[in-house]
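Colleague: This is run_11.txt (compact mmCIF, C-alpha atoms).
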```txt
# COMPACT_ATOMS: atom_id res chain seq x y z
CA MET R 1 3.43 4.26 -32.48
CA MET R 2 3.39 7.71 -30.91
CA ALA R 3 4.55 7.99 -27.32
CA ALA R 4 1.95 9.14 -24.82
CA PRO R 5 3.27 11.11 -21.82
CA ILE R 6 1.86 9.80 -18.54
CA ARG R 7 2.62 11.09 -15.03
CA ILE R 8 2.64 8.19 -12.53
CA GLY R 9 2.79 8.88 -8.80
CA VAL R 10 4.70 6.52 -6.49
CA LEU R 11 6.11 6.54 -2.97
CA LYS R 12 9.45 5.21 -1.78
CA LEU R 13 8.11 1.69 -1.33
CA ALA R 14 8.96 -1.69 -2.80
CA ASP R 15 5.40 -1.90 -4.20
CA SER R 16 6.56 0.68 -6.74
CA ALA R 17 8.99 -1.82 -8.29
CA PRO R 18 6.82 -2.69 -11.34
CA VAL R 19 6.65 0.99 -12.32
CA ILE R 20 10.36 1.57 -11.72
CA MET R 21 11.36 -1.58 -13.60
CA SER R 22 9.04 -0.71 -16.50
CA ARG R 23 11.16 2.37 -17.04
CA GLN R 24 14.50 0.74 -16.24
CA LYS R 25 13.88 -2.22 -18.59
CA GLY R 26 12.34 -0.15 -21.39
CA VAL R 27 8.93 -1.77 -21.02
CA PHE R 28 7.03 1.52 -21.22
CA ALA R 29 8.95 2.49 -24.36
CA ARG R 30 8.24 -0.85 -26.04
CA HIS R 31 4.54 -0.23 -25.51
CA GLY R 32 4.73 3.28 -26.94
CA LEU R 33 4.44 5.05 -23.61
CA GLU R 34 6.45 7.95 -22.26
CA ALA R 35 6.20 7.75 -18.48
CA GLU R 36 7.24 10.43 -16.04
CA ILE R 37 7.55 8.86 -12.60
CA VAL R 38 6.72 11.33 -9.83
CA VAL R 39 8.16 10.26 -6.46
CA SER R 40 5.85 11.85 -3.89
CA PRO R 41 6.66 12.46 -0.20
CA SER R 42 3.35 11.17 1.18
CA TRP R 43 0.04 9.51 0.34
CA ALA R 44 -1.70 12.84 0.86
CA ASN R 45 0.39 14.25 -1.99
CA ILE R 46 -0.56 11.28 -4.19
CA ALA R 47 -4.28 11.74 -3.47
CA ASP R 48 -4.10 15.48 -4.09
CA GLY R 49 -2.18 14.90 -7.32
CA LEU R 50 -4.97 12.65 -8.58
CA ALA R 51 -7.75 14.91 -7.32
CA TRP R 52 -6.33 18.04 -8.94
CA ASN R 53 -5.15 16.43 -12.21
CA HIS R 54 -1.43 16.70 -11.49
CA LEU R 55 -1.10 12.93 -11.88
CA ASP R 56 -2.53 10.62 -14.55
CA ALA R 57 -2.02 7.44 -12.55
CA ALA R 58 -0.64 6.23 -9.23
CA VAL R 59 0.27 3.14 -7.26
CA LEU R 60 -2.29 3.36 -4.46
CA PHE R 61 -4.19 1.34 -1.86
CA ALA R 62 -7.94 0.87 -2.16
CA PRO R 63 -9.19 2.83 0.91
CA LEU R 64 -7.61 6.10 -0.19
CA ALA R 65 -8.63 5.57 -3.82
CA LEU R 66 -12.24 5.02 -2.78
CA MET R 67 -12.33 8.02 -0.44
CA THR R 68 -10.75 10.23 -3.09
CA MET R 69 -13.47 9.14 -5.51
CA LEU R 70 -16.12 10.08 -2.97
CA GLY R 71 -14.79 13.62 -2.69
CA ARG R 72 -13.12 13.29 0.70
CA ARG R 73 -10.09 15.02 -0.86
CA GLY R 74 -12.05 18.18 -1.69
CA HIS R 75 -14.22 17.21 -4.66
CA ASP R 76 -15.41 14.11 -6.49
CA THR R 77 -12.63 12.58 -8.56
CA ALA R 78 -13.32 9.84 -11.09
CA LEU R 79 -10.66 7.16 -10.68
CA HIS R 80 -10.48 3.71 -12.21
CA PRO R 81 -8.56 0.61 -11.11
CA LEU R 82 -6.40 -0.41 -14.06
CA GLY R 83 -4.89 -3.48 -12.42
CA ARG R 84 -3.45 -5.12 -9.33
CA ILE R 85 0.09 -4.36 -8.22
CA SER R 86 0.97 -6.08 -4.94
CA ARG R 87 -0.12 -8.44 -2.19
CA GLY R 88 0.61 -8.17 1.52
CA GLY R 89 3.95 -6.90 2.78
CA ASN R 90 2.69 -4.73 5.64
CA THR R 91 4.43 -5.14 8.98
CA ILE R 92 3.31 -4.17 12.48
CA MET R 93 6.42 -3.08 14.34
CA PHE R 94 6.83 -2.24 18.05
CA ARG R 95 9.74 -0.45 19.69
CA GLY R 96 11.74 -2.00 22.52
CA ALA R 97 12.21 -5.64 23.47
CA ASN R 98 9.86 -8.38 22.31
CA PRO R 99 8.46 -10.28 25.32
CA ALA R 100 7.61 -13.19 23.00
CA GLU R 101 9.45 -15.33 20.50
CA GLY R 102 8.51 -13.97 17.08
CA VAL R 103 5.04 -12.75 16.13
CA TRP R 104 2.35 -12.55 18.78
CA GLN R 105 -0.41 -15.11 19.13
CA SER R 106 -4.07 -14.12 19.04
CA GLY R 107 -6.29 -14.10 22.10
CA THR R 108 -5.22 -13.93 25.73
CA GLU R 109 -1.57 -14.75 25.05
CA GLY R 110 -1.27 -11.84 22.63
CA ARG R 111 -3.04 -9.59 25.12
CA ARG R 112 -0.57 -10.62 27.81
CA MET R 113 2.37 -9.79 25.52
CA PHE R 114 0.85 -6.37 24.82
CA ASP R 115 0.48 -5.64 28.55
CA VAL R 116 4.08 -6.69 29.28
CA TRP R 117 5.37 -4.61 26.38
CA GLN R 118 3.28 -1.54 27.29
CA ALA R 119 4.52 -1.71 30.89
CA SER R 120 8.08 -1.54 29.57
CA ILE R 121 7.16 1.49 27.44
CA GLY R 122 5.50 3.24 30.37
CA ARG R 123 2.85 5.21 28.49
CA LYS R 124 -0.05 4.90 26.06
CA PRO R 125 1.54 3.59 22.86
CA ARG R 126 1.68 5.91 19.86
CA ILE R 127 1.28 3.85 16.70
CA ALA R 128 1.95 5.39 13.30
CA VAL R 129 0.14 4.58 10.07
CA VAL R 130 0.86 5.99 6.63
CA HIS R 131 -2.59 7.54 6.10
CA ILE R 132 -5.85 7.49 7.98
CA TYR R 133 -7.57 6.01 4.89
CA SER R 134 -5.07 3.19 4.40
CA THR R 135 -4.93 -0.57 4.22
CA HIS R 136 -2.45 -0.30 7.08
CA ILE R 137 -4.93 1.05 9.61
CA LEU R 138 -7.37 -1.72 8.65
CA ILE R 139 -4.66 -4.38 9.11
CA LEU R 140 -3.62 -2.78 12.42
CA ARG R 141 -7.24 -2.67 13.62
CA ARG R 142 -7.71 -6.35 12.81
CA PHE R 143 -4.47 -7.30 14.56
CA LEU R 144 -5.32 -5.37 17.73
CA LYS R 145 -8.76 -6.95 17.78
CA MET R 146 -7.09 -10.39 17.50
CA ILE R 147 -5.14 -9.67 20.70
CA ASP R 148 -8.10 -8.05 22.49
CA VAL R 149 -6.75 -4.49 22.37
CA ASP R 150 -9.16 -1.61 21.76
CA MET R 151 -7.67 0.61 19.04
CA ASP R 152 -9.83 3.59 20.03
CA ARG R 153 -9.05 3.56 23.75
CA GLU R 154 -5.71 1.89 24.29
CA ILE R 155 -3.43 3.37 21.63
CA GLU R 156 -2.91 6.74 19.97
CA ILE R 157 -2.86 6.81 16.16
CA LEU R 158 -0.41 9.10 14.37
CA VAL R 159 -0.10 9.62 10.61
CA MET R 160 3.26 10.01 8.89
CA PRO R 161 4.96 9.04 5.62
CA PRO R 162 6.62 5.60 5.69
CA THR R 163 10.09 7.05 5.15
CA ASP R 164 9.76 9.13 8.34
CA MET R 165 9.10 6.17 10.61
CA ILE R 166 12.75 5.12 10.98
CA SER R 167 13.65 8.54 12.38
CA ALA R 168 10.51 8.57 14.56
CA PHE R 169 11.50 5.23 16.09
CA SER R 170 15.07 6.38 16.77
CA LYS R 171 13.82 9.57 18.45
CA LYS R 172 11.21 7.58 20.43
CA GLU R 173 8.45 9.69 18.94
CA ILE R 174 6.45 6.53 18.21
CA GLU R 175 6.15 3.17 19.92
CA GLY R 176 4.96 1.28 16.88
CA CYS R 177 3.77 1.42 13.29
CA CYS R 178 2.05 -0.46 10.55
CA VAL R 179 4.04 0.19 7.40
CA GLY R 180 4.73 -1.19 3.95
CA ALA R 181 7.91 -2.80 2.68
CA PRO R 182 10.79 -2.33 3.18
CA TRP R 183 10.54 0.12 6.10
CA GLY R 184 9.43 -2.33 8.78
CA MET R 185 12.24 -4.70 7.82
CA GLU R 186 14.72 -1.81 7.92
CA ALA R 187 13.58 -0.82 11.41
CA GLU R 188 14.12 -4.40 12.55
CA ARG R 189 17.45 -4.73 10.75
CA ILE R 190 18.97 -1.75 12.53
CA GLY R 191 17.54 -2.76 15.90
CA LEU R 192 14.86 -0.11 16.33
CA ALA R 193 11.76 -2.33 16.41
CA PHE R 194 10.50 -5.91 16.26
CA CYS R 195 7.71 -7.48 14.22
CA VAL R 196 4.58 -8.56 16.13
CA GLY R 197 2.46 -9.35 13.07
CA GLY R 198 1.44 -8.12 9.68
CA SER R 199 -0.33 -8.98 6.48
CA SER R 200 0.40 -12.71 6.58
CA THR R 201 -0.81 -13.12 10.18
CA VAL R 202 -3.93 -10.97 9.79
CA LEU R 203 -5.14 -11.37 6.20
CA PRO R 204 -2.81 -13.50 4.05
CA GLU R 205 -2.49 -12.60 0.35
CA HIS R 206 -4.69 -9.51 0.55
CA ILE R 207 -4.41 -7.05 -2.33
CA GLU R 208 -2.28 -4.18 -1.07
CA LYS R 209 -1.62 -1.76 -3.94
CA MET R 210 -3.27 -1.26 -7.32
CA LEU R 211 -2.64 1.01 -10.26
CA VAL R 212 -5.39 3.61 -10.47
CA VAL R 213 -5.79 5.99 -13.38
CA SER R 214 -7.64 9.25 -13.98
CA ASP R 215 -10.85 9.42 -15.95
CA ALA R 216 -9.05 11.23 -18.77
CA LEU R 217 -6.46 8.49 -19.17
CA PHE R 218 -9.05 5.76 -18.77
CA ASN R 219 -11.10 7.21 -21.62
CA ARG R 220 -8.10 6.98 -23.94
CA THR R 221 -8.71 3.25 -24.23
CA ASP R 222 -5.74 2.50 -26.48
CA ILE R 223 -3.34 4.20 -24.07
CA ALA R 224 -4.97 2.55 -21.06
CA GLN R 225 -4.66 -0.87 -22.67
CA ARG R 226 -1.00 -0.29 -23.55
CA MET R 227 -0.32 0.77 -19.99
CA PHE R 228 -2.08 -2.30 -18.63
CA SER R 229 -0.04 -4.56 -20.94
CA ALA R 230 3.22 -2.87 -19.95
CA MET R 231 2.45 -3.34 -16.27
CA GLN R 232 1.58 -7.01 -16.74
CA GLU R 233 4.96 -7.57 -18.37
CA SER R 234 6.76 -5.78 -15.56
CA LEU R 235 4.77 -7.54 -12.83
CA LEU R 236 5.78 -10.91 -14.26
CA PHE R 237 9.43 -9.84 -14.11
CA CYS R 238 9.15 -8.51 -10.55
CA ALA R 239 7.39 -11.64 -9.26
CA ALA R 240 10.30 -13.91 -10.27
CA PRO R 241 12.67 -14.50 -7.29
CA GLU R 242 15.65 -14.77 -9.64
CA HIS R 243 15.29 -11.05 -10.41
CA ARG R 244 15.42 -10.01 -6.75
CA GLU R 245 19.00 -8.76 -6.87
CA GLU R 246 18.46 -6.69 -10.03
CA ILE R 247 15.27 -5.14 -8.63
CA THR R 248 16.98 -4.34 -5.32
CA GLU R 249 19.80 -2.60 -7.16
CA ALA R 250 17.33 -0.52 -9.20
CA LEU R 251 15.20 0.47 -6.20
CA SER R 252 18.24 1.46 -4.12
CA LEU R 253 19.45 3.96 -6.72
CA PRO R 254 18.94 7.65 -5.89
CA VAL R 255 15.75 9.23 -7.20
CA SER R 256 17.86 11.38 -9.49
CA GLU R 257 19.10 8.17 -11.17
CA GLY R 258 15.67 6.58 -11.56
CA GLY R 259 15.50 4.69 -8.26
CA LEU R 260 13.75 5.23 -4.93
CA SER R 261 16.71 5.37 -2.49
CA LEU R 262 15.44 2.25 -0.69
CA PRO R 263 17.72 0.50 1.83
CA PRO R 264 19.21 -2.40 -0.18
CA GLU R 265 19.53 -5.13 2.46
CA ALA R 266 15.98 -4.73 3.77
CA THR R 267 14.62 -4.48 0.22
CA PHE R 268 16.40 -7.67 -0.83
CA ARG R 269 14.90 -9.55 2.11
CA ILE R 270 11.28 -8.49 1.51
CA LEU R 271 11.05 -9.09 -2.25
CA PRO R 272 9.60 -12.41 -3.55
CA GLY R 273 11.90 -15.22 -2.48
CA GLY R 274 13.29 -13.21 0.44
CA SER R 275 13.77 -14.31 4.03
CA ALA R 276 11.68 -11.68 5.83
CA GLN R 277 8.72 -12.57 8.03
CA GLU R 278 6.53 -10.42 5.77
CA THR R 279 7.57 -10.69 2.13
CA LEU R 280 5.91 -8.61 -0.55
CA GLY R 281 4.08 -10.33 -3.39
CA PHE R 282 3.20 -8.98 -6.82
CA ALA R 283 -0.24 -9.55 -8.31
CA SER R 284 -1.19 -9.33 -11.96
CA GLY R 285 -4.58 -9.01 -13.63
CA ARG R 286 -7.63 -6.81 -13.16
CA VAL R 287 -8.91 -5.69 -9.77
CA GLN R 288 -11.84 -7.89 -8.81
CA PHE R 289 -14.63 -7.03 -6.39
CA ARG R 290 -13.42 -9.79 -4.07
CA ASP R 291 -10.09 -7.92 -3.83
CA ILE R 292 -11.72 -4.88 -2.25
CA GLU R 293 -14.76 -6.41 -0.53
CA TRP R 294 -12.93 -6.80 2.80
CA VAL R 295 -11.74 -3.18 2.53
CA MET R 296 -15.27 -1.92 2.04
CA ASN R 297 -16.57 -4.04 4.92
CA ASP R 298 -13.89 -2.71 7.27
CA MET R 299 -14.41 0.87 6.11
CA THR R 300 -18.13 0.51 6.78
CA ALA R 301 -17.43 -0.86 10.27
CA LEU R 302 -15.30 2.22 10.98
CA GLY R 303 -18.10 4.52 9.79
CA TRP R 304 -16.19 5.76 6.74
CA LEU R 305 -18.80 4.45 4.30
CA GLY R 306 -22.57 4.38 4.37
CA ARG R 307 -24.84 1.86 2.67
CA ASP R 308 -25.56 4.11 -0.32
CA GLU R 309 -21.85 4.68 -0.88
CA CYS R 310 -21.18 0.95 -0.67
CA ARG R 311 -23.81 0.27 -3.34
CA LYS R 312 -22.11 2.77 -5.65
CA LEU R 313 -18.62 1.46 -4.96
CA ALA R 314 -19.63 -2.17 -5.45
CA PHE R 315 -19.37 -1.57 -9.21
CA TRP R 316 -15.93 0.05 -9.07
CA ALA R 317 -14.02 -3.19 -9.69
CA ASP R 318 -14.72 -6.28 -11.80
CA PRO R 319 -16.82 -4.52 -14.49
CA PRO R 320 -19.21 -6.66 -16.56
CA GLU R 321 -17.59 -5.88 -19.94
CA ALA R 322 -15.49 -8.76 -21.22
CA SER R 323 -13.03 -6.66 -23.20
CA PRO R 324 -10.10 -5.40 -21.08
CA ALA R 325 -9.82 -2.35 -23.35
CA HIS R 326 -13.25 -1.04 -22.26
CA LEU R 327 -13.21 -0.96 -18.50
CA ARG R 328 -16.20 1.27 -17.87
CA ALA R 329 -17.50 1.49 -14.33
CA PRO R 330 -20.58 3.54 -13.36
CA SER R 331 -19.86 7.09 -12.22
CA LEU R 332 -20.40 7.87 -8.56
```
Write out the structure in this file as structure tokens.
Modeller:
Amino acid sequence: MMAAPIRIGVLKLADSAPVIMSRQKGVFARHGLEAEIVVSPSWANIADGLAWNHLDAAVLFAPLALMTMLGRRGHDTALHPLGRISRGGNTIMFRGANPAEGVWQSGTEGRRMFDVWQASIGRKPRIAVVHIYSTHILILRRFLKMIDVDMDREIEILVMPPTDMISAFSKKEIEGCCVGAPWGMEAERIGLAFCVGGSSTVLPEHIEKMLVVSDALFNRTDIAQRMFSAMQESLLFCAAPEHREEITEALSLPVSEGGLSLPPEATFRILPGGSAQETLGFASGRVQFRDIEWVMNDMTALGWLGRDECRKLAFWADPPEASPAHLRAPSL
């Protein structure tokens, strides 16, 4: 079986584990695939790589994938969801001392904790998210609404790569963030921030990342099917708690050695079976419409999507064809 070179974009996040382990464990090779893993510095780089054909596939969250498809990255880009990757794992972290015990409660009690915390900060809080079109800003928006805080008036949103947030906390450039694993756990571990909520408190078990592929790769149905099968094998491995130590070791390797330079202790704690408040889950199978319905609803509420766009995007996931090798979705 001839190897097919595929460029897969990832960030330095634990969600990337199935791609990293597919290479480390020889899963790609067993399925006749030659994968080049491109570790990108930011989600903007990932989106641009997909839009301008520098990447064949990427581990990505639904909001940015959908907006890239709609041409918000410069021109329309046909992307297809090949399969689920992860569930949850996002943490909302605030700098300073937590006025409560653990995560904040919804309603007036949460609002009171916010007021006490903001008074200790002494200014309008600057909260970082990883991209404006991210799951993280939707989770943050829902959390703030739960504690009666107006995201538009009472906080300032900043955008920065997840790996930059540790430094931003230490320099007091931000007061908070909503970020994927393991960076929130690392900020807590080294005493820079505390967890007020996250995926499990706002929307438990939501689909976080998926593997999206270009139209060119998608149309090579044999290659797309082999890639899907390889990822299912790797996802099964990553979901098993008994593999947590091996996965942590692989992810903590330098990029030059096939890893992602992730902090090992925080990574170990957020993988399945870990002790963190917000552990990351891995999700196999095809992306279903129910996986992205909440995303589309929230994006519409924010004015990112109109009704006509929603009607087009409703067919993006869960296609009617029964065969997984022919995953055709209508073009936008």
Colleague: Tell me which of R:Ala97, R:Ala230, R:Val212, R:Ala283 sits closest to Ser22 of chain R, counting only C-alpha atoms.
Modeller: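 Using only C-alpha atoms, Ser22 of chain R sits closest to R:Ala230.
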Colleague: What does the structure give for the distance between atom CA of Arg244 of chain R and atom CA of Leu271 of chain R, in Å to one decimal?
Modeller: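 Interatomic distance, atom CA of Arg244 of chain R to atom CA of Leu271 of chain R: 6.3 Å.
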Colleague: Draw an axis-aligned box tight on the listed atoms of segment 296-311 of chain R, then pad every side by 5 Å and write out centre and edge lengths in Å to one decimal as lines of an AutoDock Vina configuration file.
Modeller:
```
center_x = -19.7
center_y = 0.9
center_z = 3.8
size_x = 21.7
size_y = 19.8
size_z = 24.3
```
Colleague: So the first atom is atom CA of Asn53 of chain R and the second is atom CA of His131 of chain R; what is the distance between them in Å, to one decimal place?
Modeller: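 Answer for the atom CA of Asn53 of chain R to atom CA of His131 of chain R separation: 20.5 Å.
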Colleague: For atom CA of Gly306 of chain R and atom CA of Phe289 of chain R, determine how far apart the two atoms are, in Å to one decimal place.
Modeller: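 Separation of atom CA of Gly306 of chain R and atom CA of Phe289 of chain R: 17.6 Å.
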Colleague: Sorted by chain and rising residue number, list the residues of segment 26-109 of chain R at most 12 Å from segment 168-173 of chain R (counting all atoms listed in the file), each with its closest atom pair and distance in Å to one decimal, as a tab-separated table.
Modeller:
```
residue	atom	partner	partner_atom	distance
R:Met93	CA	R:Phe169	CA	9.9
R:Phe94	CA	R:Phe169	CA	9.0
R:Arg95	CA	R:Phe169	CA	7.0
R:Gly96	CA	R:Phe169	CA	9.7
```
Colleague: Extract, using all atoms listed in the file, all DNA, RNA and protein residues at most 6 Å from Leu280 of chain R, discarding same-chain residues fewer than 3 positions from it, and format them as a list in words.
Modeller: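 The filter keeps Gly88, Gly89, Ile270 and Leu271 of chain R.
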Colleague: Out of R:Phe114, R:Gly285, R:Ala65, R:Glu278, which residue has the shortest atom-to-atom distance to Ser200 of chain R when counting only C-alpha atoms?
Modeller: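 The shortest atom-to-atom distance to Ser200 of chain R comes from R:Glu278.
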